[in-house]
Protein chains: 2
Amino acid sequence: MKVVIIGGVAAGPKVASKIRRLDANAEITVIEKGVFLSYAGCGLPYYISGVVDSQEELMETPVGTVRDTAFFKNVKNVNVLNKTEATAIDREAKTVDVVDSKGKKETLQYDKLVFATGAAPVKPPFPGINLNHIYTLHGVEDAEGIKTSVKDRKAKDTVIVGGGLIGVEMAEALSEMGCRVTIVELLPQILSMMDADMIVHVEKYLESKGIRILTKTKVLGFEGKDQVEQVNTDKQSIPADLVILGIGVKPNSQLAESAKLEIGESSGIKVNKYMQTSDPDIYALGDAVESIHQVSAKPCYVPLGSIANKHGRVAANHICGINDEFPPILGSFICKIFDYSVAATGLSEKSALENGFDIVTCHAPAPDKPHFMPTMKPILIKLIVDRKTRKIIGAQGFGLGDVDKRINTAAMAITAEMTVDKLANADLLYAPPFSPAMDNIITACNIVRNKLDGLVEGISVEETKKKMDANEDIIILDVRSPKELETMKIKGSINIPLGKLRNSLDKLDKNKEIITFCKISLRGYEAYRILKANGFKKIRVMDGGLLMWPYEK
Amino acid sequence: MKVVIIGGVAAGPKVASKIRRLDANAEITVIEKGVFLSYAGCGLPYYISGVVDSQEELMETPVGTVRDTAFFKNVKNVNVLNKTEATAIDREAKTVDVVDSKGKKETLQYDKLVFATGAAPVKPPFPGINLNHIYTLHGVEDAEGIKTSVKDRKAKDTVIVGGGLIGVEMAEALSEMGCRVTIVELLPQILSMMDADMIVHVEKYLESKGIRILTKTKVLGFEGKDQVEQVNTDKQSIPADLVILGIGVKPNSQLAESAKLEIGESSGIKVNKYMQTSDPDIYALGDAVESIHQVSAKPCYVPLGSIANKHGRVAANHICGINDEFPPILGSFICKIFDYSVAATGLSEKSALENGFDIVTCHAPAPDKPHFMPTMKPILIKLIVDRKTRKIIGAQGFGLGDVDKRINTAAMAITAEMTVDKLANADLLYAPPFSPAMDNIITACNIVRNKLDGLVEGISVEETKKKMDANEDIIILDVRSPKELETMKIKGSINIPLGKLRNSLDKLDKNKEIITFCKISLRGYEAYRILKANGFKKIRVMDGGLLMWPYEK
């Protein structure tokens, strides 16, 4: 069996190695346009900031072996043609035309062909786009360029175009290198895969770290002599001696397209669950292909190393006759921004509504460990649950504490199509150094269950603020203790501590709408139940309490 | 509705508060023998070591309110009778007899009765058991006594009887207070809920931290004048000026038993999924009851705060007519010992075999983040998988890195009865600061899949060592690079680096049994596949590689 793999950076070498382990006799050839093989692209921001010492570390195996062509030949018995490009495919003849950097052409025969062509950064034709010191972050060369820009040229004013994952990771990296950083984002928020009510807090945190964020701002072009000096937007001009384009990537599917393979609406190559393209002898994987979202059942494009690795195994298995299937994905992602973890899985509230789901959500802010542990740090978890089936369909989180564990747990619940009731009673690990007795994700489930069971009705901070701004005749009832009021309070709220509420009911007008809250709205919920039991009709609890309140306090 | 709850420490107040939120008119009375209400017993080791500053923190709500009888009355409208003991139950008349600390007797009427009587530490009748400075760790008083023992008396030689969770947590606490600590354990290992092949490494780590561990050692008694001075065992006598008994706890089910309620074989009160005892108007929960294990379907006794809290909600819901069910448990637990996390969920290999499962296991040692991230730390994950159904039935882990997240993920997989194939493709979170592209738990799944699919056969380090000790004529083939050999190697092994193996096959005798390995046995697996493809017959890979080898290197 002759296997030709186009692409030698991530998914390509993975599929080659796995096929070799399954089939000792297969003739495996990897074609790679660049020089470098099998490097960890996700590590580039950490190489730039200096967290990772040398670029070699990104290219080496865990025991320090560089993965060059000799390595692939000796260890894997895989032929790698680097500095070589695939130019055309003849599906009838089952051949690939390649050309090397010296112009030498060759035609390779295949039984199975694999597209591991990856993705390329989006680079719109802005005026001035070709000025010096405007970078995307795609390969080792970009990373070196950015590093040099900052270190040797003492670049200080950096502008990041696009507030996606690369954008925020680079904001941290450049800020820690001493740069002034501005993120310019076209949409109303950064990290648009997450809901605005969560991201408003992430943006505030970034701003507290000195990152300037300009949303709803359109880049018009770049100016400068040879080197970029200024970024022009529809709102203002921003001085810049370094620009990072983090507008996203698009799948390298041109070769597949010219071979008349089916391309998805995301412009990723269409594959079935075995990673086969519309030609069963041609596979595609990694950042070049389109995925299916488990919850929406719609095509989506999620170029992540975790997914590409799994693709590699499934494709290799199928090529070698072993049953394996790549399932629909959840779009799970996480990023570290300074000391914050920000993560999500499944559908956001926004995308759930766009997909026609009738949902219930909750916001659960709480320490990630028992409140008495000095190692505890606050996190905020949001759950999105389908009202009819009570299944969890999305989860988001951010904070200084352990968000990772909770969103992974939610990802498992969504994978298993678990109801909020089942997750609420899952036997998760507990000890004070790790989690509260009721883990944050379980508390979040219970808040949703209370809503689903009609025990409480919530109102968002946004809606509450709107009512207050419109001077509606409502009671904003803070049930915290007087001591807590000293540090922060919502202007216009009244205070009756929870312990005094039962004896103060005559102070509240039964005909008025009441919104209860406390720091996290747990006592707010108790207050709701007390008022409900005493004949108050129009009561709601402010979701997430004061900790979700992003406005002036 | 009159609800009487016996026990005011953990599950009792939980069920009282929840009932109040559901039913504004219920008359709720909590009876508590001691003075203190609703404190976080799990935090005691951290209060003793000084990680937690004051015992008040363990008794306060997150915003600093002490949960005393006035708090329960004002905030929850719950009557608490503390310093009051329940002495008898008349199920016909639906009454509870109580007596307070002054000897005043009373009979309370109930519609629903709840046993939240907790558990008591096991205190065998050893000679000298009543000497001073022999403590269990059950309540605030014990914690104060231990603290005083160490601080004021300058206790230095502490002996912990029992190497369970309390034992190892106290070993860390006392060691950090400057004590010399010896753990005496009757069984062949500490933390006997986990497999010996994992715990051997945990014991080595504890010993590296200066903790002495004496296994297979039976305590015979204590000696001293008024205060304990010596612990006598069947092996040796150990000087001791402080002794902690961590032999376990037994459920407080005497009152339930005398009321002729059904008691389980673990001596915990038997309950159904609604937390009802054999009398449907009497509920029991928390450390007083027996659970059912999801995988073995057998009764088990797991007294943990996480479980007790969930019980409280289910019982309260059922009492108030809301549908809710407490499912079978997994026996999940985690503990921090110095910088190690040690955790498990589901069945151990040992208990799986005892329960008749035909299983496949794996050991996956790896960094918890990509190897190039300087924040990465090693962890070791073991999976236990049912061969027939390919379902995950158990997982264990330990190490300096993030074990917690991986074992929680496994707990979710077991809860959902997921196969190893499904978990292997789960869309878990990935970014370099959090996890490798293929998360450790996914790698563990893939090792098991390779075994299930007949691609590789493993052998344990223990079995390998036995063969070597018996001088069997086998080849122990180390495929690491020569440089790696410098730091550690197995005596009697031969070295052929993986990259040279294909050209060195003539150096190996095809008729001999070969055991391959490397640092973590990933290259060992590649070597296996190369040998297999070249006609070698009797090959196995040493599970987990050198990192699992606990013997002399």
# chains A, B, ... in the order shown; residues from 1 in each chain; ligands from 1

$ interface_residues --of "chain A" --to "chain B" --cutoff "7 Å" --atoms "only C-alpha atoms" --output "PyMOL selection string"
chain A and resi 21+24+42-43+52+57-58+62+74-75+305-306+309-310+326-327+329-330+332-336+371-374+405+408-409+411-412+415-416+425-433+437-438+498-500+526+529+533

$ residues_around --residues "Val403 in chain B" --least-positions-apart "4" --cutoff "8 Å" --atoms "only C-alpha atoms" --output "PDB file with N, CA, C and O atoms, in the first residue's frame"
ATOM      1  N   SER B 341      -1.109  15.125  44.205  1.00  0.00           N
ATOM      2  CA  SER B 341      -2.535  14.835  44.219  1.00  0.00           C
ATOM      3  C   SER B 341      -2.678  13.336  43.999  1.00  0.00           C
ATOM      4  O   SER B 341      -1.991  12.766  43.144  1.00  0.00           O
ATOM      5  N   VAL B 342      -3.553  12.709  44.765  1.00  0.00           N
ATOM      6  CA  VAL B 342      -3.800  11.271  44.640  1.00  0.00           C
ATOM      7  C   VAL B 342      -5.312  11.096  44.557  1.00  0.00           C
ATOM      8  O   VAL B 342      -6.032  11.581  45.440  1.00  0.00           O
ATOM      9  N   ALA B 343      -5.786  10.442  43.499  1.00  0.00           N
ATOM     10  CA  ALA B 343      -7.237  10.371  43.307  1.00  0.00           C
ATOM     11  C   ALA B 343      -7.641   9.079  42.623  1.00  0.00           C
ATOM     12  O   ALA B 343      -6.840   8.450  41.923  1.00  0.00           O
ATOM     13  N   ILE B 379       2.344  13.452  35.840  1.00  0.00           N
ATOM     14  CA  ILE B 379       1.278  12.697  36.507  1.00  0.00           C
ATOM     15  C   ILE B 379       1.242  11.294  35.923  1.00  0.00           C
ATOM     16  O   ILE B 379       1.796  11.041  34.855  1.00  0.00           O
ATOM     17  N   LEU B 380       0.604  10.400  36.630  1.00  0.00           N
ATOM     18  CA  LEU B 380       0.458   9.031  36.142  1.00  0.00           C
ATOM     19  C   LEU B 380      -1.001   8.622  36.280  1.00  0.00           C
ATOM     20  O   LEU B 380      -1.588   8.734  37.353  1.00  0.00           O
ATOM     21  N   ILE B 381      -1.576   8.214  35.164  1.00  0.00           N
ATOM     22  CA  ILE B 381      -2.991   7.819  35.137  1.00  0.00           C
ATOM     23  C   ILE B 381      -3.079   6.319  34.862  1.00  0.00           C
ATOM     24  O   ILE B 381      -2.392   5.800  33.994  1.00  0.00           O
ATOM     25  N   GLY B 397      -5.055   8.062  39.709  1.00  0.00           N
ATOM     26  CA  GLY B 397      -3.960   8.935  39.286  1.00  0.00           C
ATOM     27  C   GLY B 397      -3.205   9.493  40.474  1.00  0.00           C
ATOM     28  O   GLY B 397      -3.731   9.569  41.581  1.00  0.00           O
ATOM     29  N   PHE B 398      -1.962   9.835  40.240  1.00  0.00           N
ATOM     30  CA  PHE B 398      -1.194  10.561  41.245  1.00  0.00           C
ATOM     31  C   PHE B 398      -0.135  11.396  40.540  1.00  0.00           C
ATOM     32  O   PHE B 398       0.175  11.149  39.372  1.00  0.00           O
ATOM     33  N   GLY B 399       0.436  12.338  41.255  1.00  0.00           N
ATOM     34  CA  GLY B 399       1.544  13.107  40.698  1.00  0.00           C
ATOM     35  C   GLY B 399       1.540  14.555  41.148  1.00  0.00           C
ATOM     36  O   GLY B 399       0.650  14.996  41.879  1.00  0.00           O
ATOM     37  N   ILE B 407      -9.151  12.652  36.596  1.00  0.00           N
ATOM     38  CA  ILE B 407      -9.959  11.631  37.281  1.00  0.00           C
ATOM     39  C   ILE B 407     -11.431  12.070  37.319  1.00  0.00           C
ATOM     40  O   ILE B 407     -12.336  11.242  37.222  1.00  0.00           O
TER      41      ILE B 407
END

$ atom_distance --atom1 "CA of Asp358 in chain A" --atom2 "CA of Gly458 in chain A"
15.4 Å

$ closest_residue --among "A:Thr277, A:Lys123, A:Ala288, A:Glu106" --to "Gly7 in chain A" --atoms "only C-alpha atoms"
A:Ala288

$ select_by_dssp --residues "range 407-477 of chain B" --states "strand (DSSP E or B)" --output "number ranges by chain"
B: 419, 458-459, 474-477

$ residues_around --residues "Thr117 in chain B" --least-positions-apart "5" --cutoff "9 Å" --atoms "only C-alpha atoms" --output "PyMOL selection string"
chain B and resi 5-9+11-12+32+251-253+255+284-288

$ select_by_dssp --residues "range 108-333 of chain B" --states "alpha helix (DSSP H)" --output "NGL selection string"
:B and (140-151 or 165-176 or 196-208 or 254-258 or 305-319)

$ residues_around --residues "range 265-270 of chain A" --least-positions-apart "2" --cutoff "12 Å" --atoms "only C-alpha atoms" --output "ChimeraX atom specification"
/A:114-120,249-263,272-280,282-292,298-303

$ atom_distance --atom1 "CA of Gly221 in chain B" --atom2 "CA of Phe126 in chain B"
4.9 Å

$ atom_distance --atom1 "CA of Val161 in chain A" --atom2 "CA of Gly246 in chain A"
5.6 Å
